[in-house]
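Below is entry-v6.pdb, which holds PDB, C-alpha atoms.
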```
MODEL        1
ATOM      1  CA  MET A   1       0.000   0.000   0.000
ATOM      2  CA  PRO A   2       1.529   3.377  -1.050
ATOM      3  CA  LEU A   3       2.033   6.114   1.523
ATOM      4  CA  PRO A   4      -0.370   9.067   1.324
ATOM      5  CA  ASP A   5       1.096  12.233  -0.131
ATOM      6  CA  HIS A   6       1.737  15.277   2.060
ATOM      7  CA  ALA A   7      -1.352  17.165   0.849
ATOM      8  CA  SER A   8      -3.606  14.247   1.768
ATOM      9  CA  VAL A   9      -2.146  14.076   5.278
ATOM     10  CA  VAL A  10      -2.540  17.825   5.783
ATOM     11  CA  ARG A  11      -6.139  17.714   4.528
ATOM     12  CA  ARG A  12      -6.970  14.724   6.759
ATOM     13  CA  ASP A  13      -5.477  16.446   9.812
ATOM     14  CA  ALA A  14      -7.310  19.692   9.027
ATOM     15  CA  CYS A  15     -10.652  17.882   8.666
ATOM     16  CA  HIS A  16     -10.028  16.100  11.970
ATOM     17  CA  ALA A  17      -9.287  19.432  13.684
ATOM     18  CA  LEU A  18     -12.459  21.012  12.255
ATOM     19  CA  ALA A  19     -14.537  18.114  13.521
ATOM     20  CA  HIS A  20     -13.008  17.817  16.998
ATOM     21  CA  GLU A  21     -11.703  21.230  18.061
ATOM     22  CA  ARG A  22     -13.534  24.416  19.023
ATOM     23  CA  PHE A  23     -12.959  27.630  17.077
ATOM     24  CA  ASP A  24     -14.163  31.158  17.746
ATOM     25  CA  VAL A  25     -14.347  32.057  14.066
ATOM     26  CA  LEU A  26     -14.832  30.018  10.903
ATOM     27  CA  VAL A  27     -13.775  31.840   7.747
ATOM     28  CA  ILE A  28     -14.954  30.371   4.466
ATOM     29  CA  GLY A  29     -12.757  31.339   1.536
ATOM     30  CA  GLY A  30      -8.993  31.733   1.465
ATOM     31  CA  GLY A  31      -8.775  34.645  -0.956
ATOM     32  CA  ILE A  32      -7.470  38.061   0.010
ATOM     33  CA  THR A  33     -10.556  38.939   2.054
ATOM     34  CA  GLY A  34     -10.800  35.613   3.874
ATOM     35  CA  CYS A  35      -7.096  35.541   4.671
ATOM     36  CA  GLY A  36      -7.270  39.133   5.877
ATOM     37  CA  VAL A  37     -10.246  38.384   8.122
ATOM     38  CA  ALA A  38      -8.547  35.272   9.498
ATOM     39  CA  ARG A  39      -5.345  37.198  10.163
ATOM     40  CA  GLU A  40      -7.117  40.035  11.963
ATOM     41  CA  ALA A  41      -9.136  37.606  14.108
ATOM     42  CA  ALA A  42      -6.015  35.607  15.014
ATOM     43  CA  LEU A  43      -4.137  38.809  15.904
ATOM     44  CA  ARG A  44      -6.954  39.582  18.327
ATOM     45  CA  GLY A  45      -6.427  36.240  20.089
ATOM     46  CA  LEU A  46      -9.344  34.339  18.562
ATOM     47  CA  ARG A  47      -9.020  30.690  17.513
ATOM     48  CA  VAL A  48      -9.590  30.738  13.776
ATOM     49  CA  ALA A  49     -10.350  28.024  11.236
ATOM     50  CA  LEU A  50     -10.069  28.904   7.556
ATOM     51  CA  VAL A  51     -11.462  26.626   4.860
ATOM     52  CA  GLU A  52     -10.917  26.988   1.140
ATOM     53  CA  ARG A  53     -12.289  24.930  -1.723
ATOM     54  CA  ASP A  54      -9.093  25.109  -3.760
ATOM     55  CA  ASP A  55      -5.677  26.255  -2.623
ATOM     56  CA  PHE A  56      -5.217  29.393  -0.533
ATOM     57  CA  ALA A  57      -5.131  32.492  -2.722
ATOM     58  CA  ALA A  58      -5.797  30.326  -5.790
ATOM     59  CA  GLY A  59      -6.519  32.763  -8.586
ATOM     60  CA  THR A  60      -6.372  35.802  -6.338
ATOM     61  CA  SER A  61      -3.691  37.513  -8.396
ATOM     62  CA  SER A  62      -5.383  36.813 -11.707
ATOM     63  CA  ARG A  63      -8.925  37.594 -10.556
ATOM     64  CA  SER A  64      -8.254  40.676  -8.497
ATOM     65  CA  SER A  65      -6.874  44.100  -9.164
ATOM     66  CA  ARG A  66      -5.094  43.767  -5.797
ATOM     67  CA  LEU A  67      -6.048  47.368  -5.106
ATOM     68  CA  ILE A  68      -6.570  48.568  -1.582
ATOM     69  CA  HIS A  69      -9.156  51.197  -2.322
ATOM     70  CA  GLY A  70     -10.091  54.177  -0.233
ATOM     71  CA  GLY A  71     -13.841  53.929  -0.708
ATOM     72  CA  VAL A  72     -14.638  56.650  -3.265
ATOM     73  CA  ARG A  73     -17.413  54.479  -4.683
ATOM     74  CA  TYR A  74     -19.231  54.489  -1.336
ATOM     75  CA  LEU A  75     -19.815  58.255  -1.573
ATOM     76  CA  GLU A  76     -22.466  58.001  -4.266
ATOM     77  CA  HIS A  77     -24.638  55.821  -2.045
ATOM     78  CA  GLY A  78     -24.147  57.945   1.048
ATOM     79  CA  HIS A  79     -22.140  55.332   2.963
ATOM     80  CA  LEU A  80     -19.913  57.953   4.553
ATOM     81  CA  HIS A  81     -18.871  55.695   7.438
ATOM     82  CA  LEU A  82     -17.496  53.197   4.879
ATOM     83  CA  VAL A  83     -15.500  55.940   3.150
ATOM     84  CA  PHE A  84     -13.960  56.871   6.491
ATOM     85  CA  GLU A  85     -13.289  53.221   7.394
ATOM     86  CA  ALA A  86     -11.780  52.315   3.995
ATOM     87  CA  SER A  87      -9.521  55.354   4.114
ATOM     88  CA  ARG A  88      -8.393  54.459   7.630
ATOM     89  CA  GLU A  89      -7.663  50.853   6.652
ATOM     90  CA  ARG A  90      -5.691  51.914   3.585
ATOM     91  CA  ARG A  91      -3.647  54.311   5.726
ATOM     92  CA  LEU A  92      -2.891  51.483   8.187
ATOM     93  CA  GLN A  93      -1.735  49.239   5.340
ATOM     94  CA  LEU A  94       0.480  51.990   3.915
ATOM     95  CA  GLN A  95       2.025  53.095   7.195
ATOM     96  CA  THR A  96       2.018  50.138   9.563
ATOM     97  CA  LEU A  97       0.775  46.741   8.438
ATOM     98  CA  ALA A  98       2.206  46.294   4.950
ATOM     99  CA  PRO A  99       4.233  49.276   3.744
ATOM    100  CA  HIS A 100       6.393  46.844   1.773
ATOM    101  CA  LEU A 101       3.351  45.689  -0.218
ATOM    102  CA  VAL A 102       1.276  48.844  -0.594
ATOM    103  CA  ARG A 103       2.160  51.834  -2.727
ATOM    104  CA  PRO A 104       0.110  54.817  -3.884
ATOM    105  CA  LEU A 105      -1.399  54.693  -7.342
ATOM    106  CA  ALA A 106      -2.892  57.806  -8.914
ATOM    107  CA  PHE A 107      -6.183  57.478 -10.760
ATOM    108  CA  THR A 108      -7.109  59.798 -13.595
ATOM    109  CA  TRP A 109     -10.839  60.413 -13.859
ATOM    110  CA  PRO A 110     -11.855  62.081 -17.146
ATOM    111  CA  VAL A 111     -15.234  63.792 -17.355
ATOM    112  CA  TYR A 112     -17.126  64.128 -20.610
ATOM    113  CA  ARG A 113     -20.171  66.241 -21.459
ATOM    114  CA  GLY A 114     -23.264  64.205 -20.636
ATOM    115  CA  ALA A 115     -21.478  62.011 -18.070
ATOM    116  CA  ARG A 116     -23.681  60.250 -15.526
ATOM    117  CA  VAL A 117     -21.872  62.146 -12.751
ATOM    118  CA  PRO A 118     -21.386  65.782 -13.783
ATOM    119  CA  ARG A 119     -18.051  67.490 -13.145
ATOM    120  CA  TRP A 120     -19.385  69.766 -10.368
ATOM    121  CA  LYS A 121     -20.800  66.786  -8.494
ATOM    122  CA  LEU A 122     -17.571  64.821  -8.841
ATOM    123  CA  ARG A 123     -15.580  67.856  -7.595
ATOM    124  CA  ALA A 124     -17.861  68.137  -4.547
ATOM    125  CA  GLY A 125     -17.666  64.388  -3.905
ATOM    126  CA  LEU A 126     -13.874  64.335  -4.056
ATOM    127  CA  ALA A 127     -13.696  67.328  -1.686
ATOM    128  CA  LEU A 128     -15.960  65.430   0.728
ATOM    129  CA  TYR A 129     -13.785  62.348   0.238
ATOM    130  CA  ASP A 130     -10.678  64.306   1.231
ATOM    131  CA  ALA A 131     -12.496  65.686   4.288
ATOM    132  CA  LEU A 132     -13.749  62.244   5.387
ATOM    133  CA  ALA A 133     -10.178  60.953   5.195
ATOM    134  CA  LEU A 134      -9.346  63.822   7.569
ATOM    135  CA  PHE A 135      -7.040  65.102   4.816
ATOM    136  CA  ARG A 136      -4.707  62.180   5.513
ATOM    137  CA  ASN A 137      -4.998  60.511   2.115
ATOM    138  CA  VAL A 138      -1.832  59.874   0.169
ATOM    139  CA  GLY A 139      -2.637  63.179  -1.526
ATOM    140  CA  ARG A 140      -5.652  65.377  -2.052
ATOM    141  CA  HIS A 141      -7.500  65.230  -5.330
ATOM    142  CA  ALA A 142      -6.480  67.650  -8.061
ATOM    143  CA  SER A 143      -8.620  69.167 -10.778
ATOM    144  CA  LEU A 144      -7.255  68.777 -14.306
ATOM    145  CA  SER A 145      -8.027  71.035 -17.238
ATOM    146  CA  VAL A 146      -8.615  69.507 -20.664
ATOM    147  CA  ALA A 147      -5.013  70.356 -21.632
ATOM    148  CA  GLU A 148      -3.579  68.832 -18.434
ATOM    149  CA  LEU A 149      -5.719  65.748 -18.879
ATOM    150  CA  ARG A 150      -4.654  65.323 -22.523
ATOM    151  CA  ASP A 151      -0.986  65.731 -21.496
ATOM    152  CA  ALA A 152      -1.393  63.043 -18.829
ATOM    153  CA  GLU A 153      -3.553  60.725 -20.959
ATOM    154  CA  PRO A 154      -2.958  61.494 -24.661
ATOM    155  CA  GLU A 155      -5.094  58.568 -25.861
ATOM    156  CA  LEU A 156      -8.315  59.978 -24.398
ATOM    157  CA  ALA A 157     -10.927  60.934 -26.974
ATOM    158  CA  PRO A 158     -10.980  64.742 -27.072
ATOM    159  CA  ASP A 159     -14.589  65.174 -28.201
ATOM    160  CA  ALA A 160     -16.792  66.538 -25.391
ATOM    161  CA  LEU A 161     -13.963  66.217 -22.845
ATOM    162  CA  LEU A 162     -14.533  68.752 -20.056
ATOM    163  CA  GLY A 163     -11.484  68.008 -17.895
ATOM    164  CA  GLY A 164     -11.106  65.657 -15.003
ATOM    165  CA  PHE A 165      -9.493  64.801 -11.707
ATOM    166  CA  ARG A 166      -6.580  62.886 -10.249
TER
ENDMDL
END
```

Render the structure in this file as structure tokens.
Amino acid sequence: MPLPDHASVVRRDACHALAHERFDVLVIGGGITGCGVAREAALRGLRVALVERDDFAAGTSSRSSRLIHGGVRYLEHGHLHLVFEASRERRLQLQTLAPHLVRPLAFTWPVYRGARVPRWKLRAGLALYDALALFRNVGRHASLSVAELRDAEPELAPDALLGGFR
């Protein structure tokens, strides 16, 4: 009879532990979110079990942008507490938890005539975003004229371009 391979032994032992031990938290899914939740719970002294259908982080790099966002998208729906929380978490990653993994990335946001979100509304939203981050973002947003936007992103279609933000 052949010996079981290492993966089979590890899986058997893990299944035995799940069936016979007590855990404070069960995390289902070993992607970036599940691993992050499991890590945070373990750092707080909780006994954590993490289960994953495939291999941990399987496909994470290919299926994710790997961006640690600051929550701009929450503004539109009025989830201001989430904007504040996302900004705080990103700042922690940048300064304390993973400065070797996290680096700032500027986004250019062009605005065209007839856009779903008009330029004035986007300007107001980004100002609110800066304020909710307590002005501790990597940098405050900047307004870009059409010329500045075209210099930064020359492939943008010029027709009906009103300017944008970074």

Starting from the PyMOL selection byres ((chain A and resi 83-100) around 7), expand the selection into actual residues of this file and give them as a compact mmCIF listing (two decimals) with C-alpha atoms, keeping the file's coordinate frame.
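part.txt was written with the following content:
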```
# COMPACT_ATOMS: atom_id res chain seq x y z
CA ILE A 68 -6.57 48.57 -1.58
CA HIS A 69 -9.16 51.20 -2.32
CA GLY A 70 -10.09 54.18 -0.23
CA GLY A 71 -13.84 53.93 -0.71
CA VAL A 72 -14.64 56.65 -3.26
CA TYR A 74 -19.23 54.49 -1.34
CA LEU A 75 -19.82 58.26 -1.57
CA HIS A 79 -22.14 55.33 2.96
CA LEU A 80 -19.91 57.95 4.55
CA HIS A 81 -18.87 55.70 7.44
CA LEU A 82 -17.50 53.20 4.88
CA LEU A 101 3.35 45.69 -0.22
CA VAL A 102 1.28 48.84 -0.59
CA ARG A 103 2.16 51.83 -2.73
CA LEU A 132 -13.75 62.24 5.39
CA ALA A 133 -10.18 60.95 5.20
```

* Select, from A:Gly125, A:Pro110, A:Gly29, A:Pro4, the residue with the minimum atom-to-atom distance to Leu161 in chain A, counting all atoms listed in the file. =>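 Once distances to Leu161 in chain A are computed over all atoms listed in the file, the minimum belongs to A:Pro110.
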
* To do: Using the chain letters and numbering of this document, enumerate as a PyMOL selection string the residues selected by the PyMOL selection byres ((chain A and resi 6-11) around 12).
  => chain A and resi 3-5+12-18+51-55

* Asked: Can you list, as a ChimeraX atom specification, the residues that the PyMOL selection byres ((chain A and resi 144) around 8) selects here?
  -> /A:142-143,145-149,163-166

* To do: Could you jot down the CA of Leu122 in chain A to CA of Ala106 in chain A separation for me, Å, one decimal place?
  => 16.3 Å

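CA of Glu76 in chain A lies 28.6 Å from CA of Asp151 in chain A.
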
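Proximity of A:Pro118, A:Gly45, A:Pro104, A:Gly30 to Gly139 in chain A, computed with all atoms listed in the file, is greatest for A:Pro104.
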
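Of note, CA of Ala157 in chain A and CA of Tyr129 in chain A are spaced 27.4 Å apart.
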
* Using only C-alpha atoms, find the one residue out of A:Ala42, A:Ala19, A:Leu105, A:Ala49 that sits nearest to Asn137 in chain A. =>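 Looking at the shortest contact to Asn137 in chain A, the residue is A:Leu105.
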
* To do: List the neighbours of Leu162 in chain A out to 7 Å using all atoms listed in the file; skip same-chain residues closer than 4 positions along the sequence, and give me the result as JSON, numbers by chain.
  => {"A": [111, 112, 113, 146]}

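Proximity ranking of A:Ala131, A:Val117, A:Arg136, A:Trp109 relative to Glu153 in chain A places A:Trp109 first, based on only C-alpha atoms.
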